[in-house]
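Asks: Encoded as structure tokens, here's the structure I'll be asking about.
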Amino acid sequence: MRFGSERVLTGKDEDTLVHPDYRGWGILDRLYDLIIERAEQDGVAMLWGFTNTAVRPLLRNGFRSLGTFDSMALNLGANLDAATGGREARIEEIKSPDARMDRFADLFASQGGGMGLDLSADFLRWRVFENPCRAYKGFAAVDGGEIVGLGIFKAEPQRRTGYVSDLAALADAGSGLRAIQCGLLAAGIEYFRSLGFSIVEARAAGEHSYNRGLRTLLAEVGFRHVAIANPPEFLVRAVATDSAAIFDMANWRICELMREY
């Protein structure tokens, strides 16, 4: 991940599972003792994850709940003129990231600040373009040969649902932030429509300044907040860092690409 312009090693909590016959024996806490010890040895700055079923065990093991992992959704049957109007930006499909992505990742991390995914070529190659489990489509906004915006979109055919996994753009580039975001979003929506999907979800959660602006744009083009009775919570545990900033959700640029599934 990136903490401002600095690369930071983190660990994501994926599964917190104990067989029903062995619950109540303290096994989970012993497992976390091993996980945290190994994270300290490896120089992992922090552990983090999303859950609505294992909150209490995580709190018991030093995690803090910072907020909820909220979702917005768009019905593709709606009028999307605003979303598809961002034609000022030049949008290209990308099938494999190159050095331009590293330069974009540096600029975007420095511009946005806080904690977010490292959108470098190596990370995206592993997480998106060579992911054997999920189908992703990537688009870049290009100005003067350089990448100034990135849209990552994930298809889930079983639910006929598409996900705005990430939508990152430079504020001071080319045709402007809104035009870049709208152009990338339009490309993703057209991709999902070509698959016959009916719903698109986005999860630009939290109070990071970039996400607040992005949610405003998503609302303007028709995305609506999804009310969930028990939304997943976002939890963080410090390991090899003493920075209090990691416990302020306004410092985290949350996106759907941070999920595993």
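Going by the structure tokens order, chains are called A, B, ..., each with residues numbered from 1, while ligands are numbered from 1 in the order shown.
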Could you pull the residues within 9 Å of stretch 38-40 of chain A, counting only C-alpha atoms, minus those fewer than 6 positions along the same chain, as a list in words?
Replies: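 Answer for this query is Thr10, Gly11, Met46, Leu47, Val239 and Ala240 of chain A.
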Asks: Now that the selection is made, can you save its residues with C-alpha atoms as an mmCIF file, in the first residue's frame?
Replies:
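The resulting selection-v1.cif:
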data_model
loop_
_atom_site.group_PDB
_atom_site.id
_atom_site.type_symbol
_atom_site.label_atom_id
_atom_site.label_comp_id
_atom_site.auth_asym_id
_atom_site.auth_seq_id
_atom_site.Cartn_x
_atom_site.Cartn_y
_atom_site.Cartn_z
ATOM 1 C CA THR A 10 0.491 -4.391 5.247
ATOM 2 C CA GLY A 11 -1.403 -7.605 5.896
ATOM 3 C CA MET A 46 -0.392 -2.970 10.117
ATOM 4 C CA LEU A 47 -3.123 -5.565 9.642
ATOM 5 C CA VAL A 239 2.008 -3.878 14.179
ATOM 6 C CA ALA A 240 5.317 -2.256 13.185
#
Asks: Using only C-alpha atoms, tabulate the residues of stretch 71-172 of chain A lying at most 12 Å from any atom of stretch 182-196 of chain A, each with its closest atom pair and that distance in Å to one decimal, by chain and increasing residue number, as a Markdown table.
Replies:
| residue | atom | partner | partner_atom | distance |
| --- | --- | --- | --- | --- |
| A:Leu74 | CA | A:Ile189 | CA | 9.7 |
| A:Asn75 | CA | A:Ile189 | CA | 10.5 |
| A:Leu76 | CA | A:Arg193 | CA | 7.3 |
| A:Gly77 | CA | A:Arg193 | CA | 9.5 |
| A:Ala78 | CA | A:Ile189 | CA | 11.7 |
| A:Asn79 | CA | A:Ile189 | CA | 12.0 |
| A:Leu80 | CA | A:Ala186 | CA | 8.8 |
| A:Asp81 | CA | A:Ala186 | CA | 9.4 |
| A:Ala82 | CA | A:Cys182 | CA | 8.0 |
| A:Ala83 | CA | A:Cys182 | CA | 5.6 |
| A:Thr84 | CA | A:Ala186 | CA | 4.6 |
| A:Gly85 | CA | A:Cys182 | CA | 6.9 |
| A:Gly86 | CA | A:Gly183 | CA | 4.3 |
| A:Arg87 | CA | A:Gly183 | CA | 5.8 |
| A:Glu88 | CA | A:Gly183 | CA | 7.4 |
| A:Ala89 | CA | A:Gly183 | CA | 5.9 |
| A:Arg90 | CA | A:Gly183 | CA | 7.7 |
| A:Ile91 | CA | A:Gly183 | CA | 6.6 |
| A:Glu92 | CA | A:Ala187 | CA | 8.9 |
| A:Glu93 | CA | A:Ala187 | CA | 8.7 |
| A:Ile94 | CA | A:Leu184 | CA | 11.8 |
| A:Ala135 | CA | A:Phe192 | CA | 11.8 |
| A:Tyr136 | CA | A:Gly188 | CA | 10.3 |
| A:Lys137 | CA | A:Gly188 | CA | 7.8 |
| A:Gly138 | CA | A:Gly188 | CA | 8.4 |
| A:Phe139 | CA | A:Leu184 | CA | 6.5 |
| A:Ala140 | CA | A:Leu184 | CA | 7.1 |
| A:Ala141 | CA | A:Leu184 | CA | 6.9 |
| A:Val142 | CA | A:Leu184 | CA | 10.6 |
| A:Ile147 | CA | A:Leu184 | CA | 11.9 |
| A:Val148 | CA | A:Leu184 | CA | 10.8 |
| A:Gly149 | CA | A:Leu184 | CA | 7.6 |
| A:Leu150 | CA | A:Leu184 | CA | 7.1 |
| A:Gly151 | CA | A:Leu184 | CA | 5.6 |
| A:Ile152 | CA | A:Gly188 | CA | 7.9 |
| A:Phe153 | CA | A:Gly188 | CA | 6.2 |
| A:Lys154 | CA | A:Phe192 | CA | 9.0 |
| A:Ala155 | CA | A:Phe192 | CA | 7.4 |
| A:Glu156 | CA | A:Phe192 | CA | 9.8 |
| A:Pro157 | CA | A:Leu195 | CA | 8.2 |
| A:Gln158 | CA | A:Leu195 | CA | 11.5 |
| A:Arg159 | CA | A:Gly196 | CA | 10.9 |
| A:Arg160 | CA | A:Gly196 | CA | 7.2 |
| A:Thr161 | CA | A:Phe192 | CA | 7.9 |
| A:Gly162 | CA | A:Phe192 | CA | 6.1 |
| A:Tyr163 | CA | A:Gly188 | CA | 8.9 |
| A:Val164 | CA | A:Gly188 | CA | 7.6 |
| A:Ser165 | CA | A:Gly188 | CA | 10.2 |
| A:Asp166 | CA | A:Leu185 | CA | 10.0 |
| A:Leu167 | CA | A:Leu184 | CA | 7.5 |
| A:Ala168 | CA | A:Leu184 | CA | 9.1 |
| A:Ala169 | CA | A:Leu184 | CA | 9.2 |
Asks: Calculated over only C-alpha atoms, which of the candidates A:Leu257, A:Gly49, A:Asp70, A:Ser198 has the smallest distance to A:Val128?
Replies: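 Among the listed residues, the smallest separation from A:Val128 belongs to A:Leu257.
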Asks: To one decimal place in Å, what is the distance between atom CA of A:Glu201 and atom CA of A:Met101?
Replies: 24.6 Å
Asks: What parts of stretch 84-201 of chain A does DSSP call strand (DSSP E or B)? I'd like the answer as a ChimeraX atom specification.
Replies: /A:90-94,115-116,135-143,146-156,161-169,199-201
Asks: Quick check, in Å to one decimal: how far apart do atom CA of A:Glu256 and atom CA of A:Gly113 lie?
Replies: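 These two atoms are separated by 18.5 Å.
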Asks: I need the residue nearest A:Val44 from this list: A:Gln111, A:Thr241, A:Ser175, A:Ser120. Use only C-alpha atoms for the distance.
Replies: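 For A:Val44, the nearest of the given residues is A:Thr241.
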Asks: I'd like to know which of A:Ala238, A:Ala54, A:Met72, A:Leu59 is closest to A:Glu14, using only C-alpha atoms.
Replies: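 Closest residue, counting only C-alpha atoms: A:Ala54.
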Asks: Using only C-alpha atoms, which of A:Leu17, A:Ala45, A:Leu66, A:Ile27 sits nearest A:Ser243?
Replies: A:Ala45
Asks: Using Å and a single decimal, report how far atom CA of A:Ser96 sits from atom CA of A:Phe123.
Replies: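 We find that atom CA of A:Phe123 and atom CA of A:Ser96 lie 11.3 Å from each other.
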Asks: Please provide the set of residues having any atom within 12 Å of A:Ala229, restricted to only C-alpha atoms, with same-chain residues fewer than 2 positions apart removed, written as a list in words.
Replies: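 With the cut-off at 12 Å, the set is Asn52, Thr68, Asp70, Val226, Ala227, Pro231 and Pro232 of chain A.
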Asks: Just the selected residues (C-alpha atoms), exported as an mmCIF file, in the first residue's frame, please.
Replies:
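What landed in result-v3.cif:
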data_model
loop_
_atom_site.group_PDB
_atom_site.id
_atom_site.type_symbol
_atom_site.label_atom_id
_atom_site.label_comp_id
_atom_site.auth_asym_id
_atom_site.auth_seq_id
_atom_site.Cartn_x
_atom_site.Cartn_y
_atom_site.Cartn_z
ATOM 1 C CA ASN A 52 -19.524 -8.074 9.909
ATOM 2 C CA THR A 68 -18.241 0.798 7.717
ATOM 3 C CA ASP A 70 -20.512 1.209 2.517
ATOM 4 C CA VAL A 226 -27.267 0.826 -0.475
ATOM 5 C CA ALA A 227 -28.854 0.452 2.959
ATOM 6 C CA PRO A 231 -22.655 -3.503 6.955
ATOM 7 C CA PRO A 232 -19.078 -4.799 7.095
#
Asks: Which one of A:Gly112, A:Pro20, A:Gly26, A:Gly174 sits closest to A:Gly144 if you count only C-alpha atoms?
Replies: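 Among the listed residues, A:Gly174 lies closest to A:Gly144.
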Asks: With only C-alpha atoms as the basis for distance, which of A:Asp42, A:Glu130, A:Asp29, A:Glu6 is at the shortest distance from A:Phe108?
Replies: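 For A:Phe108, the nearest of the given residues is A:Glu6.
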Asks: So which residues touch stretch 205-211 of chain A within 7 Å, counting only C-alpha atoms, skipping near sequence neighbours fewer than 5 positions away, as number ranges by chain?
Replies: A: 69-70, 112, 249-255
Asks: Step one, run DSSP on the backbone; step two, keep only residues of stretch 60-230 of chain A assigned to alpha helix (DSSP H); then write them as number ranges by chain.
Replies: A: 60, 99-112, 121-124, 177-194, 209-220
